[in-house]
Structures are given as C-alpha cells and as structure tokens.
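Some notes on the structure that comes next.
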Amino acid sequence: MSRPLTEFARYLRTETTGGLILLAATAVALIWANSPLRDSYHALRDFRLGPEFLHLNLTLGDWAKDGLLALFFFVAGLELKRELVIGELSRFKQAILPVVAAIGGMVVPALIALGVGWGTPGIERAWAIPVATDIAFALGVLALTASNLPSSARVFLLSLAVVDDLGAIVVIAVVFTTGFDLVAVAVAIAALALYAFLQHKRVRTPWLYVPLALVTWVAVHSAGVHATIAGVALGLLTRVRPDAGEAEAPALRLEHRLQPWSAAVAVPVFALFAAGISVNGDALGAVFTTALPLAVLAGLLVGKVVGILGASLLAVKLRVAEKPRGMGWRDMAALSVLGGVGFTVSLLITELALPAEASELAKAAVLIASAAASLLAAGLLLRRNRVHAEISDTL
C-alpha cells in the first residue's frame with residue numbers, strides 16, 4: 001500500500017475511535033444536563049478562569065470552543081494540506097469531485113435553511129448552521145457499517161468533510177467576526193509569517209513552535225476573529241514533503257502526535273459542554289413547531305443530500321470529475337445522507353450565531369438531524385455493504 005493511503009487508513013482509524021468517544025461524551029452531556037445534577041453541569045460549564053488582561057477570562061465552555069477546537073482545526077488543516085500536496089486531492093480528477101460536492105453541500109443547505117426560516121429573527125446568521133459535516137461522526141458511521149465498500153468511498157467522504165470544514169471556517173471568519181483589533185491582527189500575521197519562515201528554514205525545535213503557536217492563538221482571539229482560525233492557518237503553513245534523509249515531514253509528525261488528542265480529548269470535551277441541552281417534551285415539541293430549528297433540520301436532512309449528490313451528479317455529467325473508483329450512484333446517495341451529520345462545527349456555529357434561548361433549540365435540531373442522518377445512512381450503507389460483499393464473492 002502506498003504511503004498516502006497508509007496514512008489515510010491510520011487517520012480513519014483514529015477518527016473512528018474518536019467518533020465513538022464523541023458519541024459517549026454527547027450521551028453524558030445530555031444525561032447530566034437533564035438529571036437532578038443539572039446545576040452542577042451548568043456550574044462547571046460556566047466556571048471562569050484565565051487572565052483578563054489578555055481577554056482570556058473565559059468559561060470552561062468557551063475554552064473548549066475557542067481553545068480545544070483550535071487543536072481540532074489544526075489537525076484538519078494538516079490533513080487538508082497533505083491531501084492537497086501529496087494525497088488524493090493532488091490529482092485534479094480525484095480532487096475536484098469532493099470539492100464540488102462540498103460546495104454543493106454547503107450552498108444548498110444554506111439556501112434551504114434561509115427559505116424555511118425566512119423572516120424569523122436570527123435566520124440572517126443561523127443559515128450557516130447546516131453547512132458543516134462532522135468528520136469524526138461521519139467516518140465512525142462509515143467504518144462501522146461499510147467495511148466492504150471500496151476505499152475510494154472513505155477517501156471521498158474524508159476529503160468532502162475536510163473541505164466542508166474549511167469552508168465552514170471561512171464562514172466563521174467572514175460572518176462571525178464582529179470587529180478587528182488591528183494591533184492583534186498585525187501580531188497574528190507576524191507570528192504566522194515567522195512560523196512559515198521557520199518551516200522554510202527547516203527549523204524543528206518545539207521550543208520555538210509551541211510558544212509561537214500560543215502567541216498566534218492569543219493574537220487571533222484578541223483580534224476579534226474566532227480563535228479556531230489560528231489552528232487551520234498554522235496547519236496549512238506546515239511543510240508536508242519530507243526532505244532527503246528525513247523519515248517524516250513535520251506535518252506527518254505533528255499529525256501522529258496530535259490527532260489522538262484532537263479526536264479523543266479536544267472534540268469530545270467540546271461536545272460535553274456544547275451538547276448539554278434540555279430535551280423535555282416542551283423543548284422537543286418546539287424544535288418541530290418553530291421556524292428556526294425547522295430550518296436547521298431541513299438544511300441538514302434535505303439540503304445536504306440534495307447539495308452533495310446533485311453537485312456530484314452534475315460534475316460527473318459535465319465530465320469535469322469522475323466518480324470514486326468502484327462506486328455507483330446508490331453508494332454516493334448513501335454517503336450524501338451521511339453528510340447530514342453536522343454536529344461539532346454545526347454546534348460551534350450555533351453558539352456563535354444565536355443567543356442562549358434560540359441556541360438551545362437550534363442545538364437540539366442539530367443533534368436530532370445528526371442522529372437521524374446517522375441512522376438513515378447506516379441503514380443505506382449496510383445494504384450497499386451487502387451488495388459489495390456479494391460482488392466480491394462472485395469475483
């Protein structure tokens with residue numbers, strides 16, 4: 001097996017395990033926030049710590065959202081950079097389909113959400129909630145249900161989810177930045193430029209990179225831009241081609257060291273603080289009778305399928321892209337349903353987009369839609385898995 005595919009398999013295994021831990025953390029959050037101990041959950045989530053003079057006197061929930069998710073996006077940036085330079089996305093015909101599918105899977109859900117929620121207070125920002133696909137959950141469902149599908153299915157889904165999350169980061173940067181501190185912006189740009197220079201000069205010591213990454217994160221946070229932007233920017237600036245005599249490039253070394261922490265700690269802890277919402281009868285009823293959460297549900301469950309599958313079909317029919325090797329349109333349809341698992345980034349955008357009361361309903365919609373998309377996709381993938389197993393037996 002070639003090195004890029006070997007690394008992809010390792011990435012998939014880690015994200016699959018992370019998806020299971022993420023599911024457990026979500027369950028704990030929901031049970032805790034709806035138990036007699038709910039006050040302790042809210043007290044822990046809202047406990048504040050950190051220096052005020054750096055604008056870092058944050059709640060634990062904010063530290064998870066702004067800090068831990070920066071690690072997640074750093075790892076996603078590393079993976080995207082590697083795929084673009086030496087992986088599946090380095091070849092145009094293979095790269096263009098998940099990119100087109102990701103764009104369709106962002107634009108159509110946003111338009112459907114806007115259409116369903118038109119005129120509702122908050123929809124001018126909430127349209128962004130259904131644009132994202134959760135990497136960990138989606139890959140976890142795929143790994144558990146589709147062992148006989150071609151490896152190209154996993155590559156397509158991973159590439160789509162990474163491009164999708166990068167697009168979500170752009171949305172966060174453009175839509176949810178409320179104001180710039182020009183001094184902090186200058187510090188962030190200088191720190192990123194120094195990081196790129198050190199990478200170019202092949203400097204390897206973590207004694208320079210760790211403080212520099214922290215300075216970048218603090219500067220981006222202080223600038224008024226969501227701090228996760230620092231993570232993806234640093235990831236995209238990291239060198240991915242090994243030099244002669246170098247066993248691993250810096251991006252690969254960092255991915256090996258940090259991805260388990262991202263998948264098994266950063267994202268589940270964020271989910272623990274983000275997913276603790278009320279699920280009583282009144283709250284659940286409001287999800288299905290209120291325009292804004294209905295817009296989120298429609299965007300994830302309808303918009304994602306139409307956007308991903310429709311864009312893919314159009315790109316293949318126009319011959320600007322090719323279907324993943326060994327896959328049919330029914331396989332693509334099942335993967336498109338799986339794209340409706342929003343979760344991590346959708347919850348993040350919900351917290352950024354809406355005030356507390358509206359945020360609770362939108363979060364409930366994200367959780368319901370993600371669970372429904374997971375179950376429906378699992379059923380479709382299990383059926384396709386049997387078909388591919390039968391095909392393999394006849395060969």
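Letters for chains follow the order of the structure tokens (A, B, ...), residue numbers begin at 1 for each chain, and ligand numbers begin at 1 in the order shown.
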Show me a table, sorted first by chain and then by increasing residue number, of the residues of stretch 157-240 of chain A having an atom at most 9 Å from stretch 95-101 of chain A, each with its shortest atom pair and the distance in Å to one decimal, counting only C-alpha atoms and written as a Markdown table.
```
| residue | atom | partner | partner_atom | distance |
| --- | --- | --- | --- | --- |
| A:Leu157 | CA | A:Pro98 | CA | 7.6 |
| A:Leu158 | CA | A:Pro98 | CA | 8.8 |
| A:Ser159 | CA | A:Pro98 | CA | 6.0 |
| A:Leu160 | CA | A:Pro98 | CA | 4.7 |
| A:Ala161 | CA | A:Pro98 | CA | 8.5 |
| A:Val163 | CA | A:Val99 | CA | 6.4 |
| A:Asp164 | CA | A:Val99 | CA | 8.1 |
```
Would you output that residue set with N, CA and C atoms, as a compact mmCIF listing (two decimals), in the first residue's frame?
```txt
# COMPACT_ATOMS: atom_id res chain seq x y z
N LEU A 157 -15.33 10.67 1.30
CA LEU A 157 -16.02 11.25 2.46
C LEU A 157 -15.07 12.11 3.29
N LEU A 158 -13.85 11.62 3.52
CA LEU A 158 -12.89 12.40 4.29
C LEU A 158 -12.56 13.70 3.58
N SER A 159 -12.30 13.62 2.28
CA SER A 159 -11.95 14.83 1.51
C SER A 159 -13.10 15.82 1.54
N LEU A 160 -14.33 15.31 1.33
CA LEU A 160 -15.51 16.19 1.37
C LEU A 160 -15.64 16.86 2.73
N ALA A 161 -15.47 16.08 3.82
CA ALA A 161 -15.66 16.63 5.17
C ALA A 161 -14.59 17.66 5.50
N VAL A 163 -12.82 19.56 3.30
CA VAL A 163 -13.10 20.77 2.51
C VAL A 163 -14.30 21.50 3.08
N ASP A 164 -15.31 20.73 3.48
CA ASP A 164 -16.52 21.27 4.09
C ASP A 164 -16.18 22.07 5.34
```
Worksheet item: Within 8 Å of stretch 256-271 of chain A, counting only C-alpha atoms, which residues qualify if same-chain residues fewer than 3 places away don't, as a list in words?
Response: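 Everything that qualifies: Tyr11, Thr14, Glu15, Thr17, Gly18, Gly19, Ile21, Leu22, Leu23, Ala25, Thr26, Ala29, Gly61, Ala64, Lys65, Leu68, Leu69, Leu71, Phe72, Val75, Ala136, Leu252, Arg253, Ala274, Ala275 and Thr344 of chain A.
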Those residues you just picked out, can you put them in a file as a compact mmCIF listing (two decimals), in the first residue's frame with N, CA, C and O atoms?
```txt
# COMPACT_ATOMS: atom_id res chain seq x y z
N TYR A 11 -5.42 7.61 9.80
CA TYR A 11 -6.28 8.75 10.11
C TYR A 11 -7.71 8.27 10.34
O TYR A 11 -8.38 8.68 11.28
N THR A 14 -8.17 6.46 13.70
CA THR A 14 -8.18 7.39 14.83
C THR A 14 -9.48 8.16 14.90
O THR A 14 -10.07 8.34 15.97
N GLU A 15 -9.96 8.65 13.75
CA GLU A 15 -11.20 9.41 13.73
C GLU A 15 -12.40 8.53 14.08
O GLU A 15 -13.37 9.00 14.69
N THR A 17 -12.37 5.90 16.18
CA THR A 17 -12.33 5.78 17.64
C THR A 17 -12.80 7.08 18.29
O THR A 17 -13.58 7.07 19.24
N GLY A 18 -12.32 8.20 17.73
CA GLY A 18 -12.76 9.49 18.26
C GLY A 18 -14.25 9.69 18.14
O GLY A 18 -14.89 10.28 19.02
N GLY A 19 -14.84 9.19 17.05
CA GLY A 19 -16.28 9.30 16.87
C GLY A 19 -17.05 8.56 17.95
O GLY A 19 -18.09 9.03 18.43
N ILE A 21 -15.91 7.95 21.02
CA ILE A 21 -15.74 8.72 22.26
C ILE A 21 -16.63 9.96 22.23
O ILE A 21 -17.22 10.35 23.24
N LEU A 22 -16.71 10.58 21.06
CA LEU A 22 -17.58 11.75 20.89
C LEU A 22 -19.03 11.40 21.18
O LEU A 22 -19.75 12.16 21.85
N LEU A 23 -19.48 10.26 20.71
CA LEU A 23 -20.85 9.80 20.96
C LEU A 23 -21.07 9.61 22.46
O LEU A 23 -22.12 10.01 23.00
N ALA A 25 -19.42 11.09 24.92
CA ALA A 25 -19.41 12.41 25.57
C ALA A 25 -20.74 13.13 25.38
O ALA A 25 -21.25 13.79 26.30
N THR A 26 -21.33 12.99 24.20
CA THR A 26 -22.63 13.60 23.93
C THR A 26 -23.70 12.99 24.82
O THR A 26 -24.55 13.71 25.37
N ALA A 29 -23.32 14.32 28.32
CA ALA A 29 -23.79 15.70 28.41
C ALA A 29 -25.31 15.76 28.48
O ALA A 29 -25.88 16.49 29.31
N GLY A 61 -16.63 26.28 29.03
CA GLY A 61 -17.25 26.02 27.74
C GLY A 61 -16.60 26.81 26.62
O GLY A 61 -16.39 26.29 25.52
N ALA A 64 -13.21 25.34 25.75
CA ALA A 64 -13.37 24.18 24.87
C ALA A 64 -13.66 24.61 23.44
O ALA A 64 -13.11 24.07 22.48
N LYS A 65 -14.51 25.63 23.29
CA LYS A 65 -14.93 26.10 21.96
C LYS A 65 -13.80 26.84 21.26
O LYS A 65 -13.56 26.62 20.06
N LEU A 68 -9.76 24.22 22.59
CA LEU A 68 -9.62 22.82 22.19
C LEU A 68 -9.97 22.62 20.72
O LEU A 68 -9.33 21.82 20.02
N LEU A 69 -10.98 23.33 20.22
CA LEU A 69 -11.33 23.17 18.81
C LEU A 69 -10.27 23.75 17.88
O LEU A 69 -10.19 23.37 16.71
N LEU A 71 -7.18 23.07 18.25
CA LEU A 71 -6.36 21.87 18.01
C LEU A 71 -7.00 20.99 16.95
O LEU A 71 -6.32 20.47 16.05
N PHE A 72 -8.31 20.79 17.04
CA PHE A 72 -9.04 20.00 16.04
C PHE A 72 -8.84 20.58 14.64
O PHE A 72 -8.56 19.85 13.68
N VAL A 75 -5.28 20.04 13.23
CA VAL A 75 -5.12 18.70 12.66
C VAL A 75 -5.86 18.60 11.32
O VAL A 75 -5.33 18.01 10.36
N ALA A 136 -15.53 13.29 12.45
CA ALA A 136 -15.41 12.14 13.35
C ALA A 136 -16.65 11.25 13.31
O ALA A 136 -16.54 10.02 13.15
N LEU A 252 3.35 15.35 9.08
CA LEU A 252 3.02 13.97 9.43
C LEU A 252 3.39 13.69 10.89
O LEU A 252 2.64 13.03 11.61
N ARG A 253 4.54 14.20 11.33
CA ARG A 253 4.94 14.01 12.74
C ARG A 253 3.90 14.64 13.68
O ARG A 253 3.50 14.04 14.68
N ALA A 274 -21.02 21.47 24.93
CA ALA A 274 -21.92 22.06 23.94
C ALA A 274 -23.24 21.32 23.81
O ALA A 274 -24.25 21.91 23.42
N ALA A 275 -23.25 20.02 24.11
CA ALA A 275 -24.43 19.20 23.83
C ALA A 275 -25.38 19.07 25.02
O ALA A 275 -26.40 18.37 24.92
N THR A 344 -20.24 18.67 15.38
CA THR A 344 -19.24 19.52 16.02
C THR A 344 -19.25 20.95 15.51
O THR A 344 -19.44 21.91 16.27
```
Worksheet item: So which residues of stretch 33-120 of chain A fall under helix (DSSP H, G or I) by DSSP, listed as a ChimeraX atom specification?
Response: /A:33,38-45,52-54,60-85,88-90,92-117
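The space between atom CA of A:Arg384 and atom CA of A:Val296 spans 28.1 Å.
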Contact residues around stretch 182-198 of chain A with only C-alpha atoms at 7 Å, ignoring same-chain residues under 4 positions, as a PDB file with N, CA and C atoms, in the first residue's frame:
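Result written to around-v3.pdb:
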```
ATOM      1  N   ARG A 202      13.611  24.905   7.792  1.00  0.00           N
ATOM      2  CA  ARG A 202      13.728  23.547   8.330  1.00  0.00           C
ATOM      3  C   ARG A 202      14.076  23.538   9.812  1.00  0.00           C
ATOM      4  N   VAL A 203      13.644  24.557  10.544  1.00  0.00           N
ATOM      5  CA  VAL A 203      13.806  24.561  11.998  1.00  0.00           C
ATOM      6  C   VAL A 203      12.824  23.557  12.596  1.00  0.00           C
ATOM      7  N   LEU A 212       5.210  30.031  19.714  1.00  0.00           N
ATOM      8  CA  LEU A 212       4.740  30.781  18.556  1.00  0.00           C
ATOM      9  C   LEU A 212       3.285  30.450  18.247  1.00  0.00           C
ATOM     10  N   THR A 216       0.164  33.061  18.356  1.00  0.00           N
ATOM     11  CA  THR A 216      -0.763  33.182  17.227  1.00  0.00           C
ATOM     12  C   THR A 216      -2.202  33.028  17.690  1.00  0.00           C
ATOM     13  N   ALA A 219      -3.293  36.061  19.740  1.00  0.00           N
ATOM     14  CA  ALA A 219      -3.453  37.239  18.878  1.00  0.00           C
ATOM     15  C   ALA A 219      -4.723  37.157  18.048  1.00  0.00           C
ATOM     16  N   VAL A 220      -4.998  35.981  17.482  1.00  0.00           N
ATOM     17  CA  VAL A 220      -6.218  35.808  16.682  1.00  0.00           C
ATOM     18  C   VAL A 220      -7.445  35.984  17.562  1.00  0.00           C
ATOM     19  N   SER A 222      -7.653  37.722  20.365  1.00  0.00           N
ATOM     20  CA  SER A 222      -7.749  39.120  20.764  1.00  0.00           C
ATOM     21  C   SER A 222      -8.168  40.021  19.609  1.00  0.00           C
ATOM     22  N   ALA A 223      -7.898  39.567  18.372  1.00  0.00           N
ATOM     23  CA  ALA A 223      -8.222  40.382  17.200  1.00  0.00           C
ATOM     24  C   ALA A 223      -9.719  40.448  16.929  1.00  0.00           C
ATOM     25  N   LEU A 234      -2.215  27.707  10.826  1.00  0.00           N
ATOM     26  CA  LEU A 234      -0.938  27.066  11.152  1.00  0.00           C
ATOM     27  C   LEU A 234      -0.816  25.707  10.457  1.00  0.00           C
ATOM     28  N   LEU A 237       0.172  26.053   6.849  1.00  0.00           N
ATOM     29  CA  LEU A 237       1.522  26.565   6.651  1.00  0.00           C
ATOM     30  C   LEU A 237       2.603  25.544   6.978  1.00  0.00           C
TER      31      LEU A 237
END
```
Worksheet entry | Long-range neighbours of stretch 53-60 of chain A as a list in words, 8 Å cut-off, only C-alpha atoms, 6 positions minimum in chain | Leu44, Arg45, Asp46, Phe47, Val218 and Ser222 of chain A
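Nearest-residue note for A:Leu294: choosing from A:Ala132, A:Ile103, A:Val279, A:Ile112, the minimum distance belongs to A:Ile112, counting only C-alpha atoms.
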